[in-house]
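J.: Right, I'll just put the structure down here and ask away after.
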Amino acid sequence: MPCIGQFRRRLIPSILLFLFVFRSPNRTKTMKTQIQSLVAGALQHLADEGVIPADAIPTPNIDRTRDSKHGDFATNVAMALAKIARCKPRDLAEKLVAALPDSDQVERTEIAGPGFINFYLAPAAYHQLIPAIMEQGSAFGRSNLGAGKRVQVELVSANPTGPLHVGHGRGAAYGSAVADLLEAVGYEVHREYYVNDAGRQMDILGTSVWLRYLELCDEPLTFPANGYKGDYVWDIAATLHRDHGDSYCHSTEEVFDDIPADEPEGGDKEKHIDALIHRAKVLLGDNRYRFVFELGLNTILDDIRDDLSLFGVDFEEWYSERTLMESGEVNKMIERLRKSDHVYEEGGALWFRSTAFGDEKDRVVVRDNGQTTYFASDIAYHMDKLERGFDRVIDIWGADHHGYVPRVRAALKALGDDDSKLDVLLVQFAILFRGGEKVPMSTRSGSFVTLRELRKEVGADAARFFYVMRKCEQHLDFDLDLAKSQSSDNPVYYVQYANARICSVLRQAADKGIDAQPSSGTKNLERLTEPHEQALLVTLAKYPEAVEAAATHEEPHQLTHYVRELANDFHTYYNAHKFLIEDTALRDARMKLILATRQVLRNGLLLLGVSAPESM
RNA sequence: GUCCCAGUAGCUCAGUAGGAUAGAGCGCCUCCCUCCUAAGGAGGAAGUCAGGGGUUCGAAUCCUCUCUGGGACGCCA
């Protein structure tokens, strides 16, 4: 399998997940799924009695109620099935309620409104939740929904021609959260960074490095308009100069002899830089050119790896475009298209007939100069992903690639592969605001803010959280001042503070000689009767549902909203009641409640890639 | 020009994928701070869910048209 390096293979977590899946088959049983199976049982019973047709039994839809007056859960099946059953919704609801299997979880049911069946859970159902959370610990909220299916997630995949900027940061945070969520619900996740180390842009980088090096050798020259002008290019050139002196040096006359004019001189900047690349290859020879090229590539790739790792974003694999080409996958792909008659030659180039698959225009796979296009590599890469046997393939791309999606799908269809396994999530750019003003950013002028700078300014936690607060396709206004502020207006701070506050209470308890980890059974949990406590218990119970929803919809923002809600419930509870009180039974119950709350806060934050510090 | 995404309270956004009286934070108004962290707390006002039409028991949510805003189009990578 082609790859230039396999870092941090996640074997250990996979093994743990494997064990966990086999040891805890009940973990997926959220309160919601328990209600669901009760209703399913009732439906089956009605089908057996001929009230509803046996072939029309749906998976019952169970919802949390918006209003606690309507109980904890509600189902609309009676309304949904009324027509088929030729029965009034409320009448059907009554029959359903009568057919419900007994459960110690449900205290009572009620038929309401046009035909809703409301479920009121027994207090015990919530009280059992606390020991369950404490027992499962960091596994609480995880499930086996994915059933160990293999999913490949491609994220970031920025060209290694410079440091990551804040646009890549959102893709990294979002993709990482999606991958982690999928892992949490039982998928075997393979995170992959596709390294574009073969294209023309990399040649431009290598040549840029060499030209800067020549300047360090005191060769006066005009740097090309289309070259990479960032300071990091100087740094790489300086390394080359420091380690190898003048041995890569050629005179300006030699280098620029007969090179077509650059744009500022009225020429074509593309032709200018292409000629310089060619000249570099000729003057340096294959080996020495390769050396400069690799120095640039490896320096930047190392920097990107380091950057992402500090951002809490790690990969199972860094997949090299170059090895993909060298392995012959690209040619194999072209041959397959040729055999199935999906390509044709025109104007010296080889075109893929993507219009036959709904694309608006045919696309070039081999240019008239014989070079395969980036698109060709990308088709081969996706073909390879499917050949590797993944059940699902998810691409996290910048929204500017959206025109690209139909092309890749078309190509997969043409190859006879199943493109429904592919999901492409497009991530919009984030706009930074400082002091209420947009931070100007443009790649052209090189004035983009790097991910590293952002991390330094607001910290990895705030950056990770803010990046995933909105749906991926939505524009994100990133308020730097808010992200830095230590106040409850800052959602990251607010959530982390809830965790720290609980830790603080536990420290206080320890100082007072109070047992902060009471081990007495669940009996005293019945003392948790305050509305704030009930609310907190309900929110804790929702956590597995929130993880499941966020994972299945690939929407980490749902989890950010959840942890905020949980933190809010805790803070209001904290403000309303004291925990370290004389009444030991009630105190023990409250200690257990806040311990469980801390566990769930931690689990949620960690899933989002955010730390849970014990003090602020 | 073609296509994609969005439009919900003054602002920034949720809205459990078709459900019951549309929510939160900020801002605004009223009240409160001897208390495990006041880097706060309690309450209140605030909405034609851009607009029209449709689908059905039921629509912010699905379909359709219109308006407004943002974005994408390459023998670049």
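By convention here, the chains of the structure tokens are called A, B, ... in the order presented, each chain's residues are numbered starting at 1, and ligands are numbered starting at 1 in the order presented.
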Can you pull out the residues contacting C36 (chain B)? Cut-off 7 Å, using only C-alpha atoms (C1' of nucleotides), and skip same-chain residues under 4 positions away; I want them as a ChimeraX atom specification.
T.: /A:505,508,578-580
J.: Considering only C-alpha atoms (C1' of nucleotides), return as a ChimeraX atom specification whatever protein or nucleic-acid residues lie within 12 Å of U56 (chain B), sequence-local ones (same chain, fewer than 3 positions apart) excluded.
T.: /A:79-80,83 /B:18,59,62
J.: I need the chain A residues near chain B as a list in words; criterion: at most 7 Å, counting only C-alpha atoms (C1' of nucleotides).
T.: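 Close enough to count are Gly113, Gly199, Gln201, Val364, Arg367, Tyr374, Asp400, His402, Gly403, Glu473, Gln486, Ser487, Val505, Gln508, Lys578, Phe579 and Leu580 of chain A.
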J.: Would you put the residues from that selection into a file with C-alpha atoms, as a PDB file, in the first residue's frame?
T.:
ATOM      1  CA  GLY A 113     -53.091  16.040  21.658  1.00  0.00           C
ATOM      2  CA  GLY A 199       2.257  18.220  -8.774  1.00  0.00           C
ATOM      3  CA  GLN A 201       2.943  23.371  -7.277  1.00  0.00           C
ATOM      4  CA  VAL A 364      -8.954  16.229 -18.976  1.00  0.00           C
ATOM      5  CA  ARG A 367      -2.656  16.834 -20.681  1.00  0.00           C
ATOM      6  CA  TYR A 374      -4.438  16.400 -10.497  1.00  0.00           C
ATOM      7  CA  ASP A 400     -14.036  25.813  -2.940  1.00  0.00           C
ATOM      8  CA  HIS A 402     -17.515  21.805  -4.497  1.00  0.00           C
ATOM      9  CA  GLY A 403     -17.453  21.783  -8.296  1.00  0.00           C
ATOM     10  CA  GLU A 473     -21.312  24.357   5.137  1.00  0.00           C
ATOM     11  CA  GLN A 486     -12.209  34.379  30.453  1.00  0.00           C
ATOM     12  CA  SER A 487     -15.905  34.895  30.976  1.00  0.00           C
ATOM     13  CA  VAL A 505     -15.892  21.344  45.077  1.00  0.00           C
ATOM     14  CA  GLN A 508     -13.030  21.557  49.182  1.00  0.00           C
ATOM     15  CA  LYS A 578     -24.933  23.853  48.278  1.00  0.00           C
ATOM     16  CA  PHE A 579     -23.339  20.470  47.943  1.00  0.00           C
ATOM     17  CA  LEU A 580     -21.114  20.268  51.025  1.00  0.00           C
TER      18      LEU A 580
END
J.: Nearest to Glu360 (chain A): which of A:Thr59, A:Asp479, A:Pro406, A:Ala430 is it, counting only C-alpha atoms?
T.: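 That would be A:Pro406, the residue with the smallest distance to Glu360 (chain A).
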J.: Which residue is closest to Asp231 (chain A)? Choose from A:Gly285, A:Gly162, A:Gly267, A:Gly389 and count only C-alpha atoms.
T.: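 With only C-alpha atoms as the atom set, the closest residue is A:Gly162.
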J.: Using Å and a single decimal, report how far CA of Gly146 (chain A) sits from CA of Leu182 (chain A).
T.: 7.4 Å
J.: Hey, can you check how far CA of Phe119 (chain A) sits from CA of Ala93 (chain A)?
T.: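 Computed distance, CA of Phe119 (chain A) to CA of Ala93 (chain A), equals 12.3 Å.
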